[in-house]
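Novice: Submitted below is the structure of interest, expressed as C-alpha cells.
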Amino acid sequence: MKSINNAVVLGASGGIGAAFVENLAARDRVEHVFALSRTAPTTTSSKTTSLITDYTAPETLAAAAAHIAQAGPLDLVIIATGILHGDEGFAPEKSLRDLDAEKLARAYLINTIGPALAAKHFLPLMRKDERSVFAALSARVGSISDNRMGGWYGYRAAKSALNQIIKTASIEHARRWPKGIVVGLHPGTVDTDLSKPFQRNVQDNKLFKPAFSAGKMLDVLSDLVPADTGKIFDWAGKEVPA
C-alpha cells in the first residue's frame with residue numbers, strides 16, 4: 001500500500017471496522033486514521049482520532065467531515081457499517097409474509113442511506129492530484145444475478161441499492177477526480193455479531209476472523225486502478241456480479 005496521509009473508517013467500533021482501524025494504524029506508511037462510529041472505538045494508537053457519527057443524526061456526518069477536512073485531502077475512506085439483525089425481532093425475512101415497513105426502513109437506513117450520505121460528505125474531500133480510494137462494505141447477497149436462494153428481502157435489496165449508489169457515485173466522482181476509485185467490498189463471512197446467528201452451516205475455512213478479512217480487503221484495495229471504479233470486489237479480489 002502506498003503512503004496514506006489521511007484515512008477514514010466509518011463503523012470503527014464494529015468487528016470489521018475495528019480491524020480496519022488496527023491494521024491501518026499499525027502500518028508505517030499510514031500517518032493518520034479517523035475512526036468514526038456511534039460509540040467511541042477503543043484504540044491506543046496515537047495515529048487515531050475518534051469521532052462520533054450516527055446515521056440517525058445525519059448532521060453528525062456533516063460535522064465529522066468538516067472536522068476531518070482541516071487535516072487535508074483524504075487518501076482512503078472505508079464505510080464498514082451494516083445491519084442484518086437486531087433486537088425486537090429484527091431479522092432477515094424468510095418469506096414475503098415476514099416483511100415489515102419499519103424493519104425494511106431500518107435496513108435501508110443503515111445499509112444504504114447512511115453510506116450514501118457518507119459518500120456525499122467525504123467524496124468531495126478525497127485527494128484530487130493522486131490516486132484515492134472510497135470503499136463501502138457490500139455483500140454478495142446484494143447481487144441480483146447471483147440470487148438463487150431467495151429470502152433476506154430487506155438486506156438483499158438494501159445492499160443492491162448500495163451497489164447502485166456506488167456505481168452512480170463513481171461516475172460522478174470520475175468527472176472531477178479521474179484518479180479516484182469508488183468500489184464496494186464483499187468481506188466474506190466474518191466472525192462478528194452480524195454473522196453469529198448464521199454461522200452454523202459455514203465451513204471453518206470459510207469463516208474469517210475480522211483481522212484476516214480486513215487485511216485481505218486492504219490488499220485488494222491496494223491493487224485497484226481507476227478503471228475498476230464502480231465495481232464490487234470480494235475479499236479475494238474477484239469481481240462480484242451485479
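Here's how to read the names in the C-alpha cells: chain A, B, ... by the order shown, residue numbers from 1 in each chain, ligand numbers from 1 in the order shown.
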Counting only C-alpha atoms, what is within 12 Å of Leu84 (chain A), bar same-chain residues fewer than 3 positions away, as an NGL selection string?

Specialist: :A and (81 or 87 or 89-93 or 103-104 or 106-111 or 138-139 or 141 or 152-159 or 192-198)

Novice: Would you save the residues of that selection, restricted to C-alpha atoms, as a PDB file, in the first residue's frame?

Specialist:
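Listing of out-v1.pdb after writing:
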```
ATOM      1  CA  THR A  81     -21.256  -0.268   8.588  1.00  0.00           C
ATOM      2  CA  ASP A  87     -33.398  -6.692  18.859  1.00  0.00           C
ATOM      3  CA  GLY A  89     -37.434  -9.364  16.183  1.00  0.00           C
ATOM      4  CA  PHE A  90     -35.306  -7.623  13.575  1.00  0.00           C
ATOM      5  CA  ALA A  91     -34.027 -10.495  11.427  1.00  0.00           C
ATOM      6  CA  PRO A  92     -33.666 -11.494   7.758  1.00  0.00           C
ATOM      7  CA  GLU A  93     -37.050 -12.286   6.235  1.00  0.00           C
ATOM      8  CA  LYS A 103     -37.812  -3.028   9.609  1.00  0.00           C
ATOM      9  CA  LEU A 104     -37.323  -2.501   5.884  1.00  0.00           C
ATOM     10  CA  ARG A 106     -34.204   0.438   9.170  1.00  0.00           C
ATOM     11  CA  ALA A 107     -32.362  -1.924   6.826  1.00  0.00           C
ATOM     12  CA  TYR A 108     -32.255   0.786   4.163  1.00  0.00           C
ATOM     13  CA  LEU A 109     -31.151   3.466   6.620  1.00  0.00           C
ATOM     14  CA  ILE A 110     -28.123   1.537   7.853  1.00  0.00           C
ATOM     15  CA  ASN A 111     -27.154  -0.360   4.705  1.00  0.00           C
ATOM     16  CA  SER A 138     -21.480  -4.501   0.443  1.00  0.00           C
ATOM     17  CA  ALA A 139     -22.388  -8.211   0.305  1.00  0.00           C
ATOM     18  CA  VAL A 141     -26.255 -11.399  -1.453  1.00  0.00           C
ATOM     19  CA  TRP A 152     -33.447 -11.962   3.157  1.00  0.00           C
ATOM     20  CA  TYR A 153     -35.534  -9.393   1.280  1.00  0.00           C
ATOM     21  CA  GLY A 154     -34.554  -6.249   3.158  1.00  0.00           C
ATOM     22  CA  TYR A 155     -30.841  -6.990   3.433  1.00  0.00           C
ATOM     23  CA  ARG A 156     -30.528  -8.131  -0.189  1.00  0.00           C
ATOM     24  CA  ALA A 157     -32.465  -5.140  -1.508  1.00  0.00           C
ATOM     25  CA  ALA A 158     -30.591  -2.636   0.665  1.00  0.00           C
ATOM     26  CA  LYS A 159     -27.202  -3.981  -0.437  1.00  0.00           C
ATOM     27  CA  THR A 192     -18.693 -10.884  14.058  1.00  0.00           C
ATOM     28  CA  ASP A 193     -22.005 -10.191  15.773  1.00  0.00           C
ATOM     29  CA  LEU A 194     -23.604  -9.650  12.354  1.00  0.00           C
ATOM     30  CA  SER A 195     -22.970 -13.244  11.239  1.00  0.00           C
ATOM     31  CA  LYS A 196     -23.186 -15.141  14.555  1.00  0.00           C
ATOM     32  CA  PRO A 197     -26.784 -16.414  14.180  1.00  0.00           C
ATOM     33  CA  PHE A 198     -25.937 -17.774  10.723  1.00  0.00           C
TER      34      PHE A 198
END
```

Novice: Taking 6 positions as the minimum chain separation for residues in the same chain, which residues sit within 12 Å of region 23-31 of chain A when counting only C-alpha atoms? Answer as a PDB file with C-alpha atoms, in the first residue's frame.

Specialist:
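Saved file selection29.pdb follows:
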```
ATOM      1  CA  MET A   1       0.000   0.000   0.000  1.00  0.00           C
ATOM      2  CA  LYS A   2       1.253   3.453  -0.936  1.00  0.00           C
ATOM      3  CA  SER A   3       1.693   6.142   1.688  1.00  0.00           C
ATOM      4  CA  ILE A   4      -1.564   7.361   3.220  1.00  0.00           C
ATOM      5  CA  ASN A   5      -1.702  10.729   4.928  1.00  0.00           C
ATOM      6  CA  ASN A   6      -5.349  10.549   5.986  1.00  0.00           C
ATOM      7  CA  ALA A   7      -7.663   7.537   6.163  1.00  0.00           C
ATOM      8  CA  VAL A   8     -11.240   7.387   7.431  1.00  0.00           C
ATOM      9  CA  VAL A   9     -13.026   4.290   8.717  1.00  0.00           C
ATOM     10  CA  ALA A  12     -14.945   1.757  13.541  1.00  0.00           C
ATOM     11  CA  ILE A  16     -14.579  -5.439  10.743  1.00  0.00           C
ATOM     12  CA  GLY A  17     -14.341  -1.665  11.191  1.00  0.00           C
ATOM     13  CA  THR A  43      -7.750   2.360  20.355  1.00  0.00           C
ATOM     14  CA  THR A  44      -4.355   3.022  21.849  1.00  0.00           C
ATOM     15  CA  SER A  45      -2.672   4.306  18.698  1.00  0.00           C
ATOM     16  CA  SER A  46      -1.539   7.917  18.658  1.00  0.00           C
ATOM     17  CA  LYS A  47      -2.318   7.879  14.927  1.00  0.00           C
ATOM     18  CA  THR A  48      -6.053   7.535  15.543  1.00  0.00           C
ATOM     19  CA  THR A  49      -8.674  10.218  16.142  1.00  0.00           C
ATOM     20  CA  ALA A  71      -6.444  17.692   8.128  1.00  0.00           C
ATOM     21  CA  GLY A  72      -6.118  17.853   4.356  1.00  0.00           C
ATOM     22  CA  LEU A  74      -8.229  12.027   2.119  1.00  0.00           C
ATOM     23  CA  ASP A  75      -6.426   9.080   0.558  1.00  0.00           C
ATOM     24  CA  LEU A  76      -8.721   6.317   1.789  1.00  0.00           C
ATOM     25  CA  VAL A  77     -12.295   6.122   3.107  1.00  0.00           C
ATOM     26  CA  ILE A  78     -13.833   2.819   4.186  1.00  0.00           C
ATOM     27  CA  PRO A 210     -12.051  -9.808  11.283  1.00  0.00           C
ATOM     28  CA  ALA A 211      -8.301  -9.139  11.102  1.00  0.00           C
ATOM     29  CA  PHE A 212      -7.901 -11.608   8.240  1.00  0.00           C
ATOM     30  CA  SER A 213     -10.822 -10.212   6.232  1.00  0.00           C
ATOM     31  CA  ALA A 214      -9.781  -6.587   6.771  1.00  0.00           C
ATOM     32  CA  GLY A 215      -6.205  -7.355   5.759  1.00  0.00           C
ATOM     33  CA  LYS A 216      -7.300  -9.157   2.588  1.00  0.00           C
ATOM     34  CA  MET A 217      -9.641  -6.318   1.615  1.00  0.00           C
ATOM     35  CA  LEU A 218      -6.898  -3.743   2.127  1.00  0.00           C
ATOM     36  CA  ASP A 219      -4.710  -5.827  -0.168  1.00  0.00           C
TER      37      ASP A 219
END
```

Novice: For a quick check of understanding, using only C-alpha atoms, which of A:Gly82, A:Pro115, A:Pro226, A:Gly11 has the smallest distance to Pro58 (chain A)?

Specialist: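 Nearest candidate to Pro58 (chain A) out of A:Gly82, A:Pro115, A:Pro226, A:Gly11: A:Pro115.
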
Novice: Quick one: pick out all alpha helix (DSSP H) residues within region 41-215 of chain A from a backbone DSSP run and write them as an MDAnalysis selection string.

Specialist: chainID A and resid 59:69 101:108 114:122 153:176 210:215

Novice: Work out how far CA of Ala174 (chain A) is from CA of Val21 (chain A), in Å to one decimal.

Specialist: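 Result for CA of Val21 (chain A) versus CA of Ala174 (chain A): 26.7 Å, one decimal.
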
Novice: Would you mind telling me which residue in A:Thr229, A:Ser222, A:Ser95, A:Thr60 lies nearest to Gly150 (chain A) when using only C-alpha atoms?

Specialist: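 Result for the nearest residue to Gly150 (chain A): A:Ser95.
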
Novice: Smallest atom-to-atom distance to Ala105 (chain A): which of A:Gln70, A:Thr56, A:Ser143, A:Ser132, using only C-alpha atoms?

Specialist: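 That would be A:Thr56, the residue with the smallest distance to Ala105 (chain A).
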
Novice: If we count only C-alpha atoms and set the cut-off at 10 Å, which residues sit around Pro178 (chain A), ignoring sequence neighbours fewer than 6 positions away in its own chain? Please answer as number ranges by chain.

Specialist: A: 128-132, 170-172, 226-227, 229

Novice: Keeping only C-alpha atoms, write those residues as a CSV table (one decimal), in the first residue's frame.

Specialist:
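Saved the output as again24.csv:
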```
chain,number,residue,atom,x,y,z
A,128,LYS,CA,-7.5,15.0,-6.4
A,129,ASP,CA,-4.0,15.0,-7.7
A,130,GLU,CA,-3.2,11.4,-6.9
A,131,ARG,CA,-4.9,8.0,-6.6
A,132,SER,CA,-7.6,7.8,-3.8
A,170,SER,CA,-18.3,6.5,-9.2
A,171,ILE,CA,-19.5,8.0,-12.4
A,172,GLU,CA,-20.0,11.5,-11.0
A,226,PRO,CA,-9.2,3.9,-11.8
A,227,ALA,CA,-10.6,1.5,-14.4
A,229,THR,CA,-14.2,2.2,-10.2
```

Novice: Taking the chain letters and numbering used in this document, name the residues of region 31-189 of chain A that DSSP puts in strand (DSSP E), as a PDB file with N, CA and C atoms, in the first residue's frame.

Specialist:
```
ATOM      1  N   GLU A  31      -0.231   7.670   8.081  1.00  0.00           N
ATOM      2  CA  GLU A  31       0.047   8.728   9.057  1.00  0.00           C
ATOM      3  C   GLU A  31      -1.091   8.935  10.052  1.00  0.00           C
ATOM      4  N   HIS A  32      -2.336   8.934   9.549  1.00  0.00           N
ATOM      5  CA  HIS A  32      -3.448   9.261  10.448  1.00  0.00           C
ATOM      6  C   HIS A  32      -4.697   8.506  10.044  1.00  0.00           C
ATOM      7  N   VAL A  33      -5.439   8.021  11.052  1.00  0.00           N
ATOM      8  CA  VAL A  33      -6.692   7.305  10.825  1.00  0.00           C
ATOM      9  C   VAL A  33      -7.789   7.968  11.650  1.00  0.00           C
ATOM     10  N   PHE A  34      -8.854   8.373  10.983  1.00  0.00           N
ATOM     11  CA  PHE A  34     -10.032   8.896  11.670  1.00  0.00           C
ATOM     12  C   PHE A  34     -11.018   7.746  11.836  1.00  0.00           C
ATOM     13  N   ALA A  35     -11.335   7.416  13.085  1.00  0.00           N
ATOM     14  CA  ALA A  35     -12.222   6.293  13.400  1.00  0.00           C
ATOM     15  C   ALA A  35     -13.589   6.837  13.784  1.00  0.00           C
ATOM     16  N   LEU A  36     -14.590   6.605  12.948  1.00  0.00           N
ATOM     17  CA  LEU A  36     -15.932   7.161  13.141  1.00  0.00           C
ATOM     18  C   LEU A  36     -16.905   6.040  13.497  1.00  0.00           C
ATOM     19  N   SER A  37     -17.731   6.289  14.514  1.00  0.00           N
ATOM     20  CA  SER A  37     -18.726   5.299  14.912  1.00  0.00           C
ATOM     21  C   SER A  37     -19.728   5.925  15.885  1.00  0.00           C
ATOM     22  N   THR A  48      -4.608   7.632  15.725  1.00  0.00           N
ATOM     23  CA  THR A  48      -6.053   7.535  15.543  1.00  0.00           C
ATOM     24  C   THR A  48      -6.801   8.648  16.272  1.00  0.00           C
ATOM     25  N   THR A  49      -7.753   9.237  15.565  1.00  0.00           N
ATOM     26  CA  THR A  49      -8.674  10.218  16.142  1.00  0.00           C
ATOM     27  C   THR A  49     -10.083   9.658  16.052  1.00  0.00           C
ATOM     28  N   SER A  50     -10.796   9.607  17.166  1.00  0.00           N
ATOM     29  CA  SER A  50     -12.147   9.061  17.196  1.00  0.00           C
ATOM     30  C   SER A  50     -13.184  10.181  17.147  1.00  0.00           C
ATOM     31  N   LEU A  51     -14.216   9.974  16.325  1.00  0.00           N
ATOM     32  CA  LEU A  51     -15.305  10.929  16.205  1.00  0.00           C
ATOM     33  C   LEU A  51     -16.626  10.166  16.242  1.00  0.00           C
ATOM     34  N   ILE A  52     -17.650  10.780  16.812  1.00  0.00           N
ATOM     35  CA  ILE A  52     -18.957  10.145  16.912  1.00  0.00           C
ATOM     36  C   ILE A  52     -19.811  10.519  15.703  1.00  0.00           C
ATOM     37  N   LEU A  76      -7.950   7.553   1.663  1.00  0.00           N
ATOM     38  CA  LEU A  76      -8.721   6.317   1.789  1.00  0.00           C
ATOM     39  C   LEU A  76      -9.914   6.541   2.719  1.00  0.00           C
ATOM     40  N   VAL A  77     -11.093   6.126   2.271  1.00  0.00           N
ATOM     41  CA  VAL A  77     -12.295   6.122   3.107  1.00  0.00           C
ATOM     42  C   VAL A  77     -12.910   4.738   3.010  1.00  0.00           C
ATOM     43  N   ILE A  78     -13.200   4.132   4.151  1.00  0.00           N
ATOM     44  CA  ILE A  78     -13.833   2.819   4.186  1.00  0.00           C
ATOM     45  C   ILE A  78     -15.107   2.916   5.021  1.00  0.00           C
ATOM     46  N   ILE A  79     -16.232   2.553   4.417  1.00  0.00           N
ATOM     47  CA  ILE A  79     -17.512   2.517   5.115  1.00  0.00           C
ATOM     48  C   ILE A  79     -17.746   1.071   5.537  1.00  0.00           C
ATOM     49  N   SER A 132      -6.863   7.867  -5.093  1.00  0.00           N
ATOM     50  CA  SER A 132      -7.551   7.787  -3.812  1.00  0.00           C
ATOM     51  C   SER A 132      -8.623   6.710  -3.929  1.00  0.00           C
ATOM     52  N   VAL A 133      -9.037   6.179  -2.782  1.00  0.00           N
ATOM     53  CA  VAL A 133      -9.998   5.072  -2.785  1.00  0.00           C
ATOM     54  C   VAL A 133     -11.101   5.319  -1.761  1.00  0.00           C
ATOM     55  N   PHE A 134     -12.343   5.178  -2.210  1.00  0.00           N
ATOM     56  CA  PHE A 134     -13.516   5.205  -1.347  1.00  0.00           C
ATOM     57  C   PHE A 134     -14.176   3.844  -1.490  1.00  0.00           C
ATOM     58  N   ALA A 135     -14.319   3.112  -0.383  1.00  0.00           N
ATOM     59  CA  ALA A 135     -14.875   1.760  -0.436  1.00  0.00           C
ATOM     60  C   ALA A 135     -15.949   1.594   0.621  1.00  0.00           C
ATOM     61  N   ALA A 136     -17.020   0.878   0.267  1.00  0.00           N
ATOM     62  CA  ALA A 136     -18.100   0.594   1.206  1.00  0.00           C
ATOM     63  C   ALA A 136     -18.344  -0.913   1.252  1.00  0.00           C
ATOM     64  N   LEU A 137     -18.545  -1.441   2.444  1.00  0.00           N
ATOM     65  CA  LEU A 137     -18.826  -2.866   2.576  1.00  0.00           C
ATOM     66  C   LEU A 137     -20.209  -3.177   2.027  1.00  0.00           C
ATOM     67  N   GLY A 180      -9.554   8.893  -8.922  1.00  0.00           N
ATOM     68  CA  GLY A 180     -10.275   8.357  -7.781  1.00  0.00           C
ATOM     69  C   GLY A 180     -10.935   7.023  -8.093  1.00  0.00           C
ATOM     70  N   ILE A 181     -11.076   6.189  -7.074  1.00  0.00           N
ATOM     71  CA  ILE A 181     -11.676   4.858  -7.200  1.00  0.00           C
ATOM     72  C   ILE A 181     -12.792   4.743  -6.155  1.00  0.00           C
ATOM     73  N   VAL A 182     -13.977   4.359  -6.609  1.00  0.00           N
ATOM     74  CA  VAL A 182     -15.129   4.170  -5.725  1.00  0.00           C
ATOM     75  C   VAL A 182     -15.632   2.744  -5.929  1.00  0.00           C
ATOM     76  N   VAL A 183     -15.566   1.913  -4.905  1.00  0.00           N
ATOM     77  CA  VAL A 183     -15.916   0.497  -5.063  1.00  0.00           C
ATOM     78  C   VAL A 183     -16.683  -0.026  -3.854  1.00  0.00           C
ATOM     79  N   GLY A 184     -17.277  -1.207  -4.044  1.00  0.00           N
ATOM     80  CA  GLY A 184     -17.873  -1.954  -2.954  1.00  0.00           C
ATOM     81  C   GLY A 184     -17.016  -3.164  -2.641  1.00  0.00           C
ATOM     82  N   LEU A 185     -17.139  -3.657  -1.417  1.00  0.00           N
ATOM     83  CA  LEU A 185     -16.341  -4.809  -0.982  1.00  0.00           C
ATOM     84  C   LEU A 185     -17.236  -5.853  -0.323  1.00  0.00           C
ATOM     85  N   HIS A 186     -17.026  -7.111  -0.700  1.00  0.00           N
ATOM     86  CA  HIS A 186     -17.679  -8.225  -0.020  1.00  0.00           C
ATOM     87  C   HIS A 186     -16.639  -8.881   0.884  1.00  0.00           C
ATOM     88  N   THR A 189     -17.752 -14.293   4.900  1.00  0.00           N
ATOM     89  CA  THR A 189     -18.452 -14.499   6.169  1.00  0.00           C
ATOM     90  C   THR A 189     -17.452 -14.316   7.299  1.00  0.00           C
TER      91      THR A 189
END
```

Novice: When you look at Leu61 (chain A) with a cut-off of 9 Å (counting only C-alpha atoms), what residues show up, excluding the ones that are within fewer than 5 positions of it in the same chain? I need them as a PyMOL selection string.

Specialist: chain A and resi 52-55+66+117-118+121-122

Novice: Could you take the residues named above and write them with N, CA, C and O atoms, as a CSV table (one decimal), in the first residue's frame?

Specialist:
```
chain,number,residue,atom,x,y,z
A,52,ILE,N,-17.7,10.8,16.8
A,52,ILE,CA,-19.0,10.1,16.9
A,52,ILE,C,-19.8,10.5,15.7
A,52,ILE,O,-20.0,11.7,15.4
A,53,THR,N,-20.3,9.5,15.0
A,53,THR,CA,-21.3,9.7,13.9
A,53,THR,C,-22.4,8.7,14.1
A,53,THR,O,-22.2,7.6,14.6
A,54,ASP,N,-23.6,9.1,13.6
A,54,ASP,CA,-24.8,8.2,13.7
A,54,ASP,C,-25.7,8.5,12.5
A,54,ASP,O,-26.1,9.6,12.3
A,55,TYR,N,-26.0,7.5,11.8
A,55,TYR,CA,-26.9,7.6,10.6
A,55,TYR,C,-28.2,8.2,11.0
A,55,TYR,O,-28.9,8.8,10.1
A,66,ALA,N,-16.5,18.1,8.2
A,66,ALA,CA,-16.0,19.4,8.4
A,66,ALA,C,-14.7,19.4,9.3
A,66,ALA,O,-13.7,20.1,9.0
A,117,LEU,N,-25.0,9.0,2.3
A,117,LEU,CA,-24.8,10.3,2.9
A,117,LEU,C,-23.3,10.5,3.2
A,117,LEU,O,-22.7,11.5,3.1
A,118,ALA,N,-22.7,9.4,3.6
A,118,ALA,CA,-21.2,9.4,3.9
A,118,ALA,C,-20.5,9.7,2.6
A,118,ALA,O,-19.5,10.5,2.6
A,121,HIS,N,-20.7,13.5,1.8
A,121,HIS,CA,-19.8,14.3,2.6
A,121,HIS,C,-18.3,14.1,2.5
A,121,HIS,O,-17.5,15.0,2.6
A,122,PHE,N,-17.9,12.8,2.2
A,122,PHE,CA,-16.5,12.5,2.2
A,122,PHE,C,-15.9,12.4,0.8
A,122,PHE,O,-14.7,12.6,0.7
```
